[in-house]
$ cat run_12.txt   # compact mmCIF, C-alpha atoms
# COMPACT_ATOMS: atom_id res chain seq x y z
CA MET A 1 31.37 1.17 -1.92
CA GLY A 2 34.95 2.17 -1.51
CA LEU A 3 36.77 4.25 1.05
CA GLU A 4 33.85 4.26 3.50
CA GLU A 5 34.21 0.46 3.81
CA LYS A 6 37.77 0.81 5.07
CA LEU A 7 36.98 3.29 7.83
CA PRO A 8 37.15 2.08 11.44
CA SER A 9 33.78 1.36 13.03
CA GLY A 10 32.53 3.64 15.78
CA ILE A 11 31.40 7.25 15.88
CA LEU A 12 33.14 8.07 12.64
CA LEU A 13 31.33 5.28 10.82
CA THR A 14 27.89 6.25 12.09
CA THR A 15 28.46 9.80 10.91
CA VAL A 16 29.69 8.58 7.54
CA GLU A 17 26.67 6.27 7.41
CA LYS A 18 24.34 9.24 7.77
CA VAL A 19 26.17 11.22 5.11
CA ALA A 20 26.29 8.25 2.72
CA GLY A 21 22.61 7.49 3.33
CA TYR A 22 21.72 11.12 2.72
CA GLY A 23 23.67 11.09 -0.52
CA ARG A 24 22.29 7.79 -1.73
CA ALA A 25 18.71 8.72 -0.97
CA GLY A 26 19.12 12.17 -2.47
CA SER A 27 20.09 11.08 -5.96
CA LEU A 28 18.61 7.70 -6.65
CA TRP A 29 18.66 7.09 -10.38
CA PRO A 30 16.12 4.63 -11.70
CA ALA A 31 16.81 2.36 -14.66
CA THR A 32 14.59 2.85 -17.70
CA PHE A 33 12.72 -0.37 -17.32
CA GLY A 34 9.00 -0.52 -18.02
CA LEU A 35 7.27 -3.82 -18.61
CA ALA A 36 3.59 -2.96 -18.92
CA CYS A 37 0.88 -0.44 -18.05
CA CYS A 38 2.49 0.53 -14.73
CA SER A 39 5.34 2.10 -16.68
CA ILE A 40 2.89 4.67 -18.08
CA GLU A 41 2.30 5.85 -14.51
CA MET A 42 6.06 5.70 -13.95
CA MET A 43 6.55 8.03 -16.92
CA ALA A 44 3.94 10.36 -15.45
CA VAL A 45 6.00 10.50 -12.26
CA GLY A 46 9.02 11.57 -14.29
CA ALA A 47 7.05 14.29 -16.08
CA GLY A 48 6.05 17.76 -14.96
CA ARG A 49 2.92 17.20 -12.93
CA PHE A 50 4.42 14.83 -10.37
CA ASP A 51 8.03 15.66 -11.08
CA SER A 52 10.32 13.10 -9.47
CA ALA A 53 13.10 15.66 -9.96
CA ARG A 54 11.93 17.02 -6.61
CA PHE A 55 13.41 13.84 -5.12
CA GLY A 56 16.51 13.86 -7.33
CA MET A 57 15.15 10.95 -9.38
CA GLU A 58 14.31 12.49 -12.72
CA ILE A 59 17.11 10.84 -14.69
CA PHE A 60 15.89 7.49 -15.94
CA ARG A 61 19.22 5.98 -16.96
CA ALA A 62 19.20 4.09 -20.22
CA SER A 63 22.01 1.85 -19.02
CA PRO A 64 21.62 -0.33 -15.92
CA ARG A 65 25.28 0.28 -15.20
CA GLN A 66 24.45 3.87 -14.26
CA ALA A 67 21.29 3.11 -12.27
CA ASP A 68 20.75 2.55 -8.54
CA LEU A 69 17.09 1.63 -8.57
CA MET A 70 15.15 -0.85 -10.67
CA ILE A 71 11.45 -0.07 -10.74
CA VAL A 72 9.82 -3.29 -11.89
CA ALA A 73 6.80 -1.64 -13.48
CA GLY A 74 4.46 -4.27 -14.77
CA ARG A 75 3.90 -8.01 -15.02
CA VAL A 76 7.02 -10.16 -15.36
CA SER A 77 6.52 -13.04 -17.78
CA GLN A 78 8.52 -16.24 -17.45
CA LYS A 79 10.34 -15.30 -20.62
CA MET A 80 11.25 -11.84 -19.28
CA ALA A 81 12.53 -13.16 -15.96
CA PRO A 82 16.13 -13.96 -17.04
CA VAL A 83 16.34 -10.60 -18.81
CA LEU A 84 15.20 -8.83 -15.65
CA ARG A 85 17.74 -10.75 -13.59
CA GLN A 86 20.50 -9.83 -16.04
CA ILE A 87 19.63 -6.15 -15.83
CA TYR A 88 19.69 -6.41 -12.04
CA ASP A 89 23.08 -8.14 -12.12
CA GLN A 90 24.45 -5.40 -14.37
CA MET A 91 23.53 -2.65 -11.93
CA PRO A 92 26.36 -1.54 -9.65
CA SER A 93 26.01 -2.06 -5.93
CA PRO A 94 24.40 -0.57 -3.82
CA LYS A 95 21.16 -1.17 -5.70
CA TRP A 96 17.51 -1.31 -4.81
CA VAL A 97 14.41 -2.85 -6.35
CA LEU A 98 10.94 -1.34 -6.18
CA SER A 99 8.18 -3.72 -7.16
CA MET A 100 5.54 -1.43 -8.65
CA GLY A 101 1.97 -2.66 -8.92
CA VAL A 102 0.31 -5.91 -7.96
CA CYS A 103 1.47 -7.91 -11.00
CA ALA A 104 5.14 -7.36 -10.24
CA SER A 105 4.62 -7.85 -6.51
CA SER A 106 2.64 -11.09 -6.50
CA GLY A 107 1.32 -11.84 -9.97
CA GLY A 108 -1.83 -9.88 -9.18
CA MET A 109 -4.94 -11.06 -10.97
CA PHE A 110 -2.85 -13.07 -13.43
CA ASN A 111 -2.44 -16.23 -11.42
CA ASN A 112 -1.33 -18.40 -14.34
CA TYR A 113 1.62 -20.23 -15.85
CA ALA A 114 2.78 -17.37 -18.05
CA LEU A 115 3.73 -14.95 -15.29
CA VAL A 116 6.22 -14.98 -12.46
CA GLN A 117 4.16 -14.88 -9.27
CA GLY A 118 6.05 -12.03 -7.70
CA VAL A 119 9.34 -10.54 -8.81
CA ASP A 120 10.86 -11.46 -5.44
CA HIS A 121 11.26 -14.96 -6.86
CA ILE A 122 14.14 -13.67 -8.98
CA VAL A 123 15.47 -10.47 -7.37
CA PRO A 124 15.41 -9.18 -3.77
CA VAL A 125 12.69 -6.54 -3.45
CA ASP A 126 13.07 -3.56 -1.11
CA MET A 127 9.64 -1.99 -1.48
CA TYR A 128 6.30 -3.38 -2.59
CA LEU A 129 3.69 -1.04 -3.97
CA PRO A 130 0.06 -2.19 -4.40
CA GLY A 131 -2.31 -0.79 -6.99
CA CYS A 132 -3.33 -1.69 -10.51
CA PRO A 133 -1.72 0.49 -11.69
CA PRO A 134 -0.71 2.60 -8.68
CA ARG A 135 -1.48 6.27 -9.12
CA PRO A 136 1.62 8.46 -9.42
CA GLU A 137 1.18 9.70 -5.85
CA MET A 138 1.40 6.10 -4.67
CA LEU A 139 4.72 5.70 -6.47
CA LEU A 140 5.98 8.93 -4.92
CA ASP A 141 4.93 7.59 -1.51
CA ALA A 142 6.87 4.38 -2.24
CA PHE A 143 9.90 6.52 -3.16
CA ILE A 144 9.63 8.35 0.17
CA GLN A 145 9.38 5.05 2.09
CA LEU A 146 12.37 3.70 0.15
CA HIS A 147 14.38 6.84 0.87
CA LYS A 148 13.70 6.37 4.58
CA LYS A 149 14.96 2.81 4.29
CA ILE A 150 18.08 3.86 2.36
CA ARG A 151 18.93 6.56 4.91
CA ALA A 152 18.85 3.89 7.63
CA THR A 153 21.16 1.54 5.68
CA LYS A 154 24.36 0.64 7.51
CA LEU A 155 27.89 0.53 6.13
CA GLY A 156 30.92 -1.73 6.25
CA ALA A 157 31.07 -4.24 9.11
CA ASN A 158 27.66 -3.16 10.42
CA ARG A 159 26.12 -3.79 7.01
CA GLU A 160 27.67 -7.25 6.80
CA ALA A 161 26.33 -8.06 10.27
CA GLU A 162 22.91 -6.78 9.21
CA ILE A 163 22.92 -8.94 6.07
CA THR A 164 23.92 -12.03 8.08
CA GLU A 165 21.16 -11.34 10.57
CA GLN A 166 18.58 -10.94 7.80
CA GLU A 167 19.73 -14.15 6.11
CA ASP A 168 19.55 -16.13 9.34
CA GLU A 169 16.08 -14.73 9.92
CA ALA A 170 14.99 -15.62 6.39
CA LEU A 171 16.37 -19.15 6.72
CA ALA A 172 14.44 -19.65 9.96
CA THR A 173 11.16 -18.47 8.40
CA PRO A 174 8.98 -21.36 7.21
CA PRO A 175 8.28 -21.40 3.45
CA THR A 176 4.89 -20.09 2.35
CA HIS A 177 3.50 -23.55 1.55
CA ALA A 178 4.35 -24.72 5.09
CA MET A 179 2.68 -21.78 6.83
CA LYS A 180 -0.27 -22.77 8.98
CA GLY A 181 -3.04 -20.65 10.43
CA LEU A 182 -4.73 -17.57 9.08
CA LEU A 183 -1.90 -16.08 7.02
CA ARG A 184 -1.52 -19.13 4.84
CA MET B 1 8.47 39.02 -35.43
CA ALA B 2 10.04 37.67 -38.59
CA GLU B 3 12.71 40.40 -38.67
CA LEU B 4 14.00 39.52 -35.16
CA PRO B 5 16.93 37.13 -34.95
CA GLN B 6 16.10 33.51 -34.16
CA VAL B 7 18.02 33.70 -30.88
CA VAL B 8 15.94 36.58 -29.53
CA ARG B 9 12.72 34.81 -30.50
CA GLY B 10 13.90 31.64 -28.78
CA PHE B 11 14.84 33.38 -25.54
CA GLY B 12 11.59 35.34 -25.73
CA LEU B 13 9.67 32.08 -25.68
CA THR B 14 11.76 30.89 -22.73
CA PHE B 15 11.14 34.17 -20.89
CA THR B 16 7.34 33.94 -21.26
CA GLN B 17 7.40 30.55 -19.49
CA ILE B 18 8.28 32.37 -16.25
CA PHE B 19 4.77 33.74 -16.07
CA LYS B 20 3.02 30.43 -16.78
CA LYS B 21 1.28 28.67 -13.89
CA VAL B 22 3.28 25.73 -12.50
CA THR B 23 1.47 22.41 -12.91
CA THR B 24 3.59 20.42 -10.46
CA GLU B 25 1.74 18.93 -7.50
CA GLN B 26 3.75 19.24 -4.29
CA TYR B 27 2.77 15.72 -3.30
CA PRO B 28 3.82 14.90 0.25
CA GLU B 29 3.33 18.45 1.53
CA GLY B 30 0.31 19.59 -0.45
CA LYS B 31 -1.84 16.64 -1.43
CA VAL B 32 -4.36 17.10 -4.20
CA PRO B 33 -7.53 15.27 -3.07
CA THR B 34 -8.74 12.36 -5.16
CA GLN B 35 -12.14 12.20 -6.78
CA PRO B 36 -14.75 11.38 -4.12
CA ARG B 37 -15.47 7.95 -5.67
CA TYR B 38 -11.80 7.01 -6.06
CA HIS B 39 -11.16 3.31 -5.39
CA GLY B 40 -8.78 3.31 -2.46
CA ARG B 41 -8.28 1.13 0.57
CA HIS B 42 -11.22 -0.97 1.80
CA GLN B 43 -13.21 -0.41 4.95
CA LEU B 44 -15.57 -2.74 6.82
CA ASN B 45 -18.44 -0.62 8.06
CA ARG B 46 -20.55 -0.75 11.21
CA HIS B 47 -24.21 -0.28 12.06
CA PRO B 48 -25.08 2.84 14.09
CA ASP B 49 -24.92 0.86 17.34
CA GLY B 50 -21.45 -0.54 16.60
CA LEU B 51 -22.33 -4.04 15.37
CA GLU B 52 -20.46 -5.07 12.22
CA LYS B 53 -22.30 -5.01 8.94
CA CYS B 54 -20.34 -7.94 7.51
CA ILE B 55 -22.36 -11.15 7.65
CA GLY B 56 -19.58 -13.45 6.42
CA CYS B 57 -21.37 -14.45 3.20
CA GLU B 58 -18.12 -14.50 1.15
CA LEU B 59 -19.81 -12.88 -1.89
CA CYS B 60 -16.93 -10.38 -2.05
CA ALA B 61 -14.43 -13.23 -2.15
CA TRP B 62 -16.40 -14.90 -4.94
CA ALA B 63 -16.65 -11.69 -6.93
CA CYS B 64 -12.94 -10.92 -6.65
CA PRO B 65 -11.20 -11.51 -10.00
CA ALA B 66 -7.78 -11.64 -8.36
CA ASP B 67 -8.71 -13.94 -5.42
CA ALA B 68 -7.44 -11.28 -3.04
CA ILE B 69 -10.14 -11.66 -0.37
CA TYR B 70 -10.31 -14.43 2.17
CA VAL B 71 -13.34 -14.70 4.46
CA GLU B 72 -14.28 -17.20 7.11
CA GLY B 73 -17.78 -16.84 8.54
CA ALA B 74 -18.81 -17.96 12.02
CA ASP B 75 -22.11 -18.19 13.88
CA ASN B 76 -23.30 -15.44 16.19
CA THR B 77 -24.51 -16.73 19.53
CA GLU B 78 -26.86 -15.10 22.00
CA THR B 79 -23.97 -14.39 24.36
CA GLU B 80 -21.51 -13.26 21.70
CA ARG B 81 -23.01 -11.27 18.86
CA TYR B 82 -20.85 -9.36 16.36
CA SER B 83 -23.39 -8.63 13.64
CA PRO B 84 -27.19 -8.70 13.38
CA GLY B 85 -28.50 -11.98 12.00
CA GLU B 86 -27.06 -15.46 12.03
CA ARG B 87 -23.46 -15.11 10.97
CA TYR B 88 -20.52 -12.70 10.99
CA GLY B 89 -17.13 -12.54 9.29
CA ALA B 90 -14.77 -14.05 11.84
CA VAL B 91 -11.72 -13.90 9.59
CA TYR B 92 -11.44 -11.21 6.96
CA GLN B 93 -8.26 -10.68 4.96
CA ILE B 94 -7.49 -8.65 1.86
CA ASN B 95 -4.20 -9.26 0.12
CA TYR B 96 -3.25 -5.84 -1.23
CA LEU B 97 -0.58 -7.39 -3.42
CA ARG B 98 -3.38 -9.13 -5.35
CA CYS B 99 -6.16 -6.56 -5.10
CA ILE B 100 -6.61 -4.55 -8.29
CA PHE B 101 -9.07 -2.05 -6.75
CA CYS B 102 -11.78 -2.85 -9.33
CA GLY B 103 -14.59 -2.50 -6.78
CA PHE B 104 -16.42 -5.72 -7.72
CA CYS B 105 -16.38 -6.70 -4.03
CA ILE B 106 -18.18 -3.47 -3.17
CA GLU B 107 -20.81 -4.19 -5.84
CA ALA B 108 -21.22 -7.74 -4.56
CA CYS B 109 -21.66 -6.84 -0.90
CA PRO B 110 -25.36 -7.27 0.01
CA THR B 111 -25.19 -5.24 3.24
CA ARG B 112 -22.89 -2.36 2.20
CA ALA B 113 -20.46 -3.73 4.76
CA LEU B 114 -17.49 -3.32 2.44
CA THR B 115 -16.79 0.08 0.92
CA MET B 116 -13.71 1.84 -0.34
CA ARG B 117 -12.01 4.87 1.10
CA ASN B 118 -9.87 7.42 -0.67
CA ASP B 119 -6.57 6.50 1.00
CA TYR B 120 -3.94 5.15 -1.31
CA GLU B 121 -0.61 5.21 0.51
CA MET B 122 0.32 1.66 1.43
CA ALA B 123 3.81 0.92 0.13
CA ASP B 124 5.56 -1.57 2.42
CA ASP B 125 8.66 -3.74 2.37
CA SER B 126 7.18 -7.12 3.20
CA ARG B 127 4.53 -9.21 1.50
CA ALA B 128 3.04 -10.47 4.75
CA SER B 129 2.31 -7.00 6.12
CA LEU B 130 0.38 -6.12 2.97
CA ILE B 131 -2.19 -8.80 3.76
CA PHE B 132 -4.57 -6.66 5.77
CA THR B 133 -6.53 -8.41 8.49
CA LYS B 134 -9.92 -7.58 9.93
CA ASP B 135 -8.64 -5.29 12.68
CA GLN B 136 -6.92 -3.11 10.06
CA LEU B 137 -9.96 -3.04 7.79
CA LEU B 138 -12.75 -2.42 10.32
CA ALA B 139 -14.02 1.13 10.57
CA PRO B 140 -13.08 2.78 13.86
CA LEU B 141 -15.87 3.19 16.39
CA GLN B 142 -17.56 6.51 15.94
CA GLU B 143 -19.02 8.58 18.73
CA GLY B 144 -21.89 6.78 20.45
CA MET B 145 -21.03 3.29 19.20
CA LEU B 146 -20.60 0.22 21.38
CA ALA B 147 -17.83 -2.24 20.50
CA PRO B 148 -19.16 -5.71 19.67
CA PRO B 149 -19.93 -8.32 20.90
CA HIS B 150 -23.24 -7.04 22.27
CA PRO B 151 -26.90 -7.98 21.69
CA MET B 152 -29.28 -6.29 19.28
CA PRO B 153 -31.65 -3.68 20.76
CA GLU B 154 -34.43 -5.31 22.80
CA GLY B 155 -37.47 -6.27 20.77
CA MET B 156 -35.68 -5.84 17.45
CA ASN B 157 -34.28 -8.32 14.96
CA GLU B 158 -31.86 -8.09 12.03
CA LYS B 159 -34.59 -6.84 9.66
CA ASP B 160 -34.98 -3.69 11.73
CA TYR B 161 -31.32 -2.84 11.07
CA TYR B 162 -31.89 -2.84 7.32
CA ARG B 163 -35.12 -0.82 7.70
CA GLY B 164 -33.10 1.88 9.44
CA LYS B 165 -34.89 1.54 12.77
CA VAL B 166 -31.67 1.16 14.73
CA THR B 167 -30.18 4.61 15.17
CA GLY B 168 -27.84 4.13 18.10
CA VAL B 169 -27.06 2.28 21.29
CA THR B 170 -30.02 1.66 23.60
CA ALA B 171 -30.03 1.46 27.39
CA GLY B 172 -30.68 -2.29 27.22
CA GLN B 173 -27.58 -2.88 25.14
CA LEU B 174 -25.47 -0.90 27.59
CA LEU B 175 -26.99 -2.88 30.47
CA ALA B 176 -26.16 -6.17 28.77
CA THR B 177 -22.48 -5.30 28.52
CA GLN B 178 -22.26 -3.64 31.93
CA GLY B 179 -20.17 -6.37 33.58
CA ASP B 180 -17.46 -6.18 30.93
CA GLU B 181 -14.70 -3.65 30.57
CA PRO B 182 -15.97 -0.27 29.34
CA ARG B 183 -16.47 -0.39 25.59
CA TYR B 184 -18.73 2.54 24.95
CA GLN B 185 -17.01 4.95 22.60
CA GLU B 186 -16.94 8.43 24.08
CA ALA B 187 -16.67 11.46 21.85
CA GLU B 188 -13.18 11.49 20.36
CA PRO B 189 -12.81 14.51 18.11
CA GLY B 190 -9.55 13.24 16.60
CA ASN B 191 -10.89 9.80 15.72
CA LYS B 192 -11.75 10.10 12.06
CA GLY B 193 -10.16 6.82 11.04
CA GLU B 194 -7.13 8.58 9.59
CA GLY B 195 -3.50 7.83 10.22
CA TRP B 196 -3.73 4.05 10.21
CA ARG B 197 -0.09 3.64 9.23
CA PRO B 198 1.90 2.47 12.28

$ encode --input "run_12.txt" --output "structure tokens"
Amino acid sequence: MGLEEKLPSGILLTTVEKVAGYGRAGSLWPATFGLACCSIEMMAVGAGRFDSARFGMEIFRASPRQADLMIVAGRVSQKMAPVLRQIYDQMPSPKWVLSMGVCASSGGMFNNYALVQGVDHIVPVDMYLPGCPPRPEMLLDAFIQLHKKIRATKLGANREAEITEQEDEALATPPTHAMKGLLR
Amino acid sequence: MAELPQVVRGFGLTFTQIFKKVTTEQYPEGKVPTQPRYHGRHQLNRHPDGLEKCIGCELCAWACPADAIYVEGADNTETERYSPGERYGAVYQINYLRCIFCGFCIEACPTRALTMRNDYEMADDSRASLIFTKDQLLAPLQEGMLAPPHPMPEGMNEKDYYRGKVTGVTAGQLLATQGDEPRYQEAEPGNKGEGWRP
């Protein structure tokens, strides 16, 4: 985020938005961050058979300061939660989080006191991926969905308006424990 | 080979890789099919005449180690029948952010109502939309099926369904639903239950 933030809004900004989205989606670098069995499938995605290099994502950065994407691959224990949050905070903006597998997304079958019941309790999640563990094709599909989302991301004033809108919407949503009806 | 310089031997090895077969799967364009018994997304099946197989017994929910399935049964009535027998699954939800695709629900199902397909693409950006409801899980109506609610074939009861005596929609069933909007599924060659993603 730099010069493109200073540009005047209008036609120029929408064009820059497209270019920036194309660039961001085209070279999304994941952080090397595996927590459990899902990370084995994540490694398979980086290797030859599934080859995330086809999406410009083969470089798993060893430092969060060089990464754009955190793939939370595996169950997040209560003890790991502050570490995960710190890694997320160290990543430079813009950054995205992919919650890989059911344990990271909602706690999965481990509904107990040791695990965080969904990584969205500690970091904002952009894409949820079911599966236990998800097969590598499922992760590639999640990458493609995430790329679509990144390409549609707005910039500058539009982005700020979008964030405000999303926050207002989230504040108006009733909390899960207060939800009534079938989706409780 | 020992008399050749190391560099030539090294590049020779690199050169031979050109002729090796590439193992990379071109995923979104060229999908490699899964094994036929791969545990993918669930499907709620139908009898040949279109009635639902699910009887709302909740055995799948009890078998689930992750508590991902939520079922509410309701009574069939003579005027509104969704499945043969007494009860049907009125509410059926699977939380795909809990489901671990172990297949215990499929083993537990007494009527083969719940089976698994080979689809696996279901990444989404909200937790609520990954709780699949009954309309997303029900198998689409195949050719020659009648959408429930409708009565069982005349002179038959639920036991005849499990003995395989019901093979399709009868004239009596069509007559019973005649006043309603047309629900008989005509031949739709494209309707294979694919492409469920909105």

$ interface_residues --input "run_12.txt" --of "chain A" --to "chain B" --cutoff "6 Å" --atoms "all atoms listed in the file" --output "PDB file with C-alpha atoms, in the frame of the given file"
ATOM      1  CA  GLY A  48       6.050  17.760 -14.960  1.00  0.00           C
ATOM      2  CA  ARG A  49       2.920  17.200 -12.930  1.00  0.00           C
ATOM      3  CA  PHE A  50       4.420  14.830 -10.370  1.00  0.00           C
ATOM      4  CA  VAL A 102       0.310  -5.910  -7.960  1.00  0.00           C
ATOM      5  CA  SER A 106       2.640 -11.090  -6.500  1.00  0.00           C
ATOM      6  CA  GLY A 108      -1.830  -9.880  -9.180  1.00  0.00           C
ATOM      7  CA  MET A 109      -4.940 -11.060 -10.970  1.00  0.00           C
ATOM      8  CA  ASP A 126      13.070  -3.560  -1.110  1.00  0.00           C
ATOM      9  CA  MET A 127       9.640  -1.990  -1.480  1.00  0.00           C
ATOM     10  CA  TYR A 128       6.300  -3.380  -2.590  1.00  0.00           C
ATOM     11  CA  LEU A 129       3.690  -1.040  -3.970  1.00  0.00           C
ATOM     12  CA  PRO A 130       0.060  -2.190  -4.400  1.00  0.00           C
ATOM     13  CA  GLY A 131      -2.310  -0.790  -6.990  1.00  0.00           C
ATOM     14  CA  CYS A 132      -3.330  -1.690 -10.510  1.00  0.00           C
ATOM     15  CA  MET A 138       1.400   6.100  -4.670  1.00  0.00           C
ATOM     16  CA  ALA A 142       6.870   4.380  -2.240  1.00  0.00           C
TER      17      ALA A 142
END

$ residues_around --input "run_12.txt" --residues "segment 95-98 of chain A" --least-positions-apart "6" --cutoff "7 Å" --atoms "only C-alpha atoms" --output "PyMOL selection string"
chain A and resi 68-72+124-128

$ atom_distance --input "run_12.txt" --atom1 "atom CA of Pro48 of chain B" --atom2 "atom CA of Pro151 of chain B"
13.3 Å

$ atom_distance --input "run_12.txt" --atom1 "atom CA of Gly23 of chain A" --atom2 "atom CA of Ala47 of chain A"
23.0 Å

$ closest_residue --input "run_12.txt" --among "A:Ile59, A:Ile40, A:Leu115, A:Ala157" --to "Ser27 of chain A" --atoms "only C-alpha atoms"
A:Ile59

$ residues_near_point --input "run_12.txt" --point "(6.2, -14.6, -8.3)" --cutoff "10 Å" --atoms "all atoms listed in the file" --output "list in words"
Arg75, Val76, Ser77, Gln78, Cys103, Ala104, Ser105, Ser106, Gly107, Gly108, Asn111, Leu115, Val116, Gln117, Gly118, Val119, Asp120, His121 and Ile122 of chain A

$ closest_residue --input "run_12.txt" --among "B:Pro149, B:Gly50, B:Gly89, B:Gly144" --to "Thr77 of chain B" --atoms "all atoms listed in the file"
B:Pro149

$ atom_distance --input "run_12.txt" --atom1 "atom CA of Pro64 of chain A" --atom2 "atom CA of Val123 of chain A"
14.6 Å

$ closest_residue --input "run_12.txt" --among "B:Ala139, B:Ala74, B:Trp62, B:Ser83" --to "Asn157 of chain B" --atoms "only C-alpha atoms"
B:Ser83

$ closest_residue --input "run_12.txt" --among "B:Lys134, B:Ala113, B:Gln178, B:Leu146" --to "Ala90 of chain B" --atoms "all atoms listed in the file"
B:Lys134

$ closest_residue --input "run_12.txt" --among "B:Gly103, B:Gly10, B:Pro36, B:Gly56" --to "Asp75 of chain B" --atoms "all atoms listed in the file"
B:Gly56

$ axis_aligned_box --input "run_12.txt" --around "segment 23-40 of chain B" --padding-each-side "4 Å" --output "JSON"
{"center_x": -5.8, "center_y": 12.9, "center_z": -5.7, "size_x": 27.3, "size_y": 27.1, "size_z": 22.4}
